[in-house]
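Undergrad: Okay, here's the structure, questions in a sec.
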Amino acid sequence: MNEQDIKTRAKKIIESAVNAVFITLDSEGFPHPRTMWTPGMDEDFTIYFVTGRSLQKIKQIEVNPNVCLFWTLTENDMIGWSYTALKGRAAVTDDQALRDRFWDDMLKEYFPGGSTDPEYVVIVVKPKELLLMDSHKYPLDRVEF
């Protein structure tokens, strides 16, 4: 399978999934997973998340920016076998253009100051490796960036 086909199929899973599992590493090196809304993705598979500056995941990213993201499809309200995982390096930014790009009024509950709230930040994940499972075959389809 060629790289473009893998990316196209992976993008379909990411865009169809309700949330991602965003995995950082804690101070002891153990994975710390949590579900997060994925508000944006660029053509090059740069992935964006919005969150609060004072949360634990931000501190973990500052210590170790290596993260893993995971999306899976559901079928009839059950987790299906198709998934995409992306390994990458995360950075936290308060770039106002990105904050405005991903602002949604549903976030006002968490950031009452709107897109300029000092607690509101964007996590930018630059891809290193993309893994795809949607064909019941091994090894997984893989793309390096």
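For the structure tokens, the naming scheme is as follows: chains receive sequential letters (A, B, ...) according to their order of presentation, residues are indexed from 1 within each chain, and ligands are indexed from 1 in presentation order.
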Which residues are close to stretch 28-35 of chain A, i.e. within 10 Å by only C-alpha atoms, leaving aside same-chain residues fewer than 4 positions away? Reply as a short mmCIF file (atom, residue, chain, number, x, y, z; two decimals) with N, CA and C atoms, in the first residue's frame.
TA:
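Written output follows (selection.cif):
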data_model
loop_
_atom_site.label_atom_id
_atom_site.label_comp_id
_atom_site.auth_asym_id
_atom_site.auth_seq_id
_atom_site.Cartn_x
_atom_site.Cartn_y
_atom_site.Cartn_z
N VAL A 18 -14.89 10.45 17.54
CA VAL A 18 -15.43 11.50 18.41
C VAL A 18 -14.30 12.20 19.16
N ASN A 19 -13.40 11.44 19.73
CA ASN A 19 -12.28 11.97 20.51
C ASN A 19 -11.02 11.16 20.22
N ALA A 20 -9.91 11.74 20.62
CA ALA A 20 -8.63 11.02 20.58
C ALA A 20 -8.26 10.61 21.99
N VAL A 21 -7.45 9.58 22.09
CA VAL A 21 -6.78 9.30 23.35
C VAL A 21 -5.41 9.97 23.21
N PHE A 22 -5.14 10.91 24.10
CA PHE A 22 -3.91 11.70 24.10
C PHE A 22 -3.04 11.16 25.21
N ILE A 23 -1.86 10.64 24.87
CA ILE A 23 -1.03 9.94 25.85
C ILE A 23 0.28 10.69 26.05
N THR A 24 0.51 11.12 27.29
CA THR A 24 1.78 11.71 27.69
C THR A 24 2.48 10.72 28.61
N GLN A 56 -2.16 19.06 34.26
CA GLN A 56 -1.04 18.12 34.37
C GLN A 56 -0.41 17.79 33.03
N LYS A 57 -1.20 17.64 31.99
CA LYS A 57 -0.64 17.25 30.69
C LYS A 57 0.35 18.28 30.17
N GLN A 60 3.60 17.68 31.89
CA GLN A 60 4.22 16.47 31.36
C GLN A 60 4.86 16.74 29.99
N ASN A 64 8.66 16.12 28.88
CA ASN A 64 8.91 15.17 27.80
C ASN A 64 7.86 15.39 26.72
N VAL A 67 4.68 12.27 22.59
CA VAL A 67 3.31 11.86 22.89
C VAL A 67 2.84 10.83 21.86
N CYS A 68 1.75 10.18 22.20
CA CYS A 68 1.09 9.28 21.26
C CYS A 68 -0.39 9.62 21.27
N LEU A 69 -0.97 9.67 20.08
CA LEU A 69 -2.40 9.95 19.91
C LEU A 69 -3.04 8.71 19.31
N PHE A 70 -4.29 8.45 19.68
CA PHE A 70 -4.95 7.22 19.25
C PHE A 70 -6.42 7.52 18.98
N TRP A 71 -6.88 7.13 17.79
CA TRP A 71 -8.29 7.28 17.42
C TRP A 71 -8.80 5.93 16.97
#
Undergrad: When DSSP works through the backbone of this structure, what residues of stretch 19-104 of chain A end up as strand (DSSP E or B), shown as an MDAnalysis selection string?
TA: chainID A and resid 20:25 31:36 40:41 47:52 66:75 78:93
Undergrad: So that I can see what lies close to stretch 117-122 of chain A, please list as a PDB file with C-alpha atoms, in the first residue's frame the residues with an atom at most 12 Å from it, counting only C-alpha atoms and leaving out residues fewer than 4 positions away in the same chain.
TA:
ATOM      1  CA  TRP A  37     -11.519  16.540  21.443  1.00  0.00           C
ATOM      2  CA  THR A  38      -9.490  16.946  18.236  1.00  0.00           C
ATOM      3  CA  PRO A  39     -10.438  20.375  16.866  1.00  0.00           C
ATOM      4  CA  GLY A  40      -7.975  20.452  13.996  1.00  0.00           C
ATOM      5  CA  ILE A  47      -2.697  17.773  15.093  1.00  0.00           C
ATOM      6  CA  TYR A  48      -4.146  20.427  17.409  1.00  0.00           C
ATOM      7  CA  PHE A  49      -5.807  20.258  20.817  1.00  0.00           C
ATOM      8  CA  VAL A  50      -7.064  22.958  23.177  1.00  0.00           C
ATOM      9  CA  THR A  51      -6.659  22.786  26.930  1.00  0.00           C
ATOM     10  CA  GLY A  52      -5.883  24.668  30.128  1.00  0.00           C
ATOM     11  CA  ARG A  53      -2.385  25.963  30.820  1.00  0.00           C
ATOM     12  CA  SER A  54      -2.323  24.744  34.443  1.00  0.00           C
ATOM     13  CA  LEU A  55      -3.288  21.123  33.740  1.00  0.00           C
ATOM     14  CA  LYS A  57      -0.641  17.246  30.690  1.00  0.00           C
ATOM     15  CA  ILE A  58       1.028  20.615  30.050  1.00  0.00           C
ATOM     16  CA  ALA A  90       4.018  18.167  21.309  1.00  0.00           C
ATOM     17  CA  ALA A  91       4.479  21.867  21.984  1.00  0.00           C
ATOM     18  CA  VAL A  92       2.243  24.229  23.928  1.00  0.00           C
ATOM     19  CA  THR A  93       1.486  27.662  22.504  1.00  0.00           C
ATOM     20  CA  ASP A  94      -0.650  30.658  23.261  1.00  0.00           C
ATOM     21  CA  ASP A  95      -0.306  31.992  19.701  1.00  0.00           C
ATOM     22  CA  GLN A  96      -3.432  34.106  19.324  1.00  0.00           C
ATOM     23  CA  ALA A  97      -4.024  33.116  15.690  1.00  0.00           C
ATOM     24  CA  LEU A  98      -4.197  29.434  16.717  1.00  0.00           C
ATOM     25  CA  ARG A  99      -6.318  30.217  19.770  1.00  0.00           C
ATOM     26  CA  ASP A 100      -8.784  32.054  17.521  1.00  0.00           C
ATOM     27  CA  ARG A 101      -8.677  29.294  14.893  1.00  0.00           C
ATOM     28  CA  PHE A 102      -9.774  26.619  17.366  1.00  0.00           C
ATOM     29  CA  TRP A 103     -12.048  28.649  19.590  1.00  0.00           C
ATOM     30  CA  ASP A 104     -15.543  27.241  19.997  1.00  0.00           C
ATOM     31  CA  LEU A 107     -15.207  26.243  25.576  1.00  0.00           C
ATOM     32  CA  LYS A 108     -16.595  29.260  27.478  1.00  0.00           C
ATOM     33  CA  GLU A 109     -17.488  26.926  30.339  1.00  0.00           C
ATOM     34  CA  TYR A 110     -13.756  26.347  30.868  1.00  0.00           C
ATOM     35  CA  PHE A 111     -12.362  29.637  29.572  1.00  0.00           C
ATOM     36  CA  PRO A 112     -14.816  32.417  30.444  1.00  0.00           C
ATOM     37  CA  GLY A 113     -12.431  35.027  29.007  1.00  0.00           C
TER      38      GLY A 113
END
Undergrad: Please compute the atom CA of A:Leu140-atom CA of A:Met36 distance, one decimal, in Å.
TA: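 Distance between the two atoms: 24.1 Å.
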Undergrad: Nearest to A:Leu25: which of A:Glu43, A:Pro65, A:Asp5, A:Ala10 is it, counting only C-alpha atoms?
TA: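 Between A:Glu43, A:Pro65, A:Asp5, A:Ala10, the residue approaching A:Leu25 most closely is A:Pro65.
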Undergrad: Of the candidates A:Arg9, A:Gln4, A:Glu144, A:Ala17, which one gets nearest to A:Gly80 if we count only C-alpha atoms?
TA: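 Using only C-alpha atoms, the shortest distance to A:Gly80 belongs to A:Ala17.
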Undergrad: Check chain A with DSSP on the backbone and list each residue it calls helix (DSSP H, G or I), as number ranges by chain.
TA: A: 3-16, 56-63, 96-102, 105-109, 114-116
Undergrad: Please list as a compact mmCIF listing (two decimals) with C-alpha atoms, in the first residue's frame every residue within 7 Å of A:Val143, counting only C-alpha atoms and excluding residues in the same chain fewer than 2 positions away.
TA:
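Ended up saving to out_37.txt:
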# COMPACT_ATOMS: atom_id res chain seq x y z
CA GLU A 3 1.94 6.20 1.62
CA GLU A 129 5.13 8.15 12.82
CA LEU A 130 1.61 7.18 11.74
CA LEU A 131 0.23 3.68 12.26
CA PHE A 145 7.43 11.84 8.70
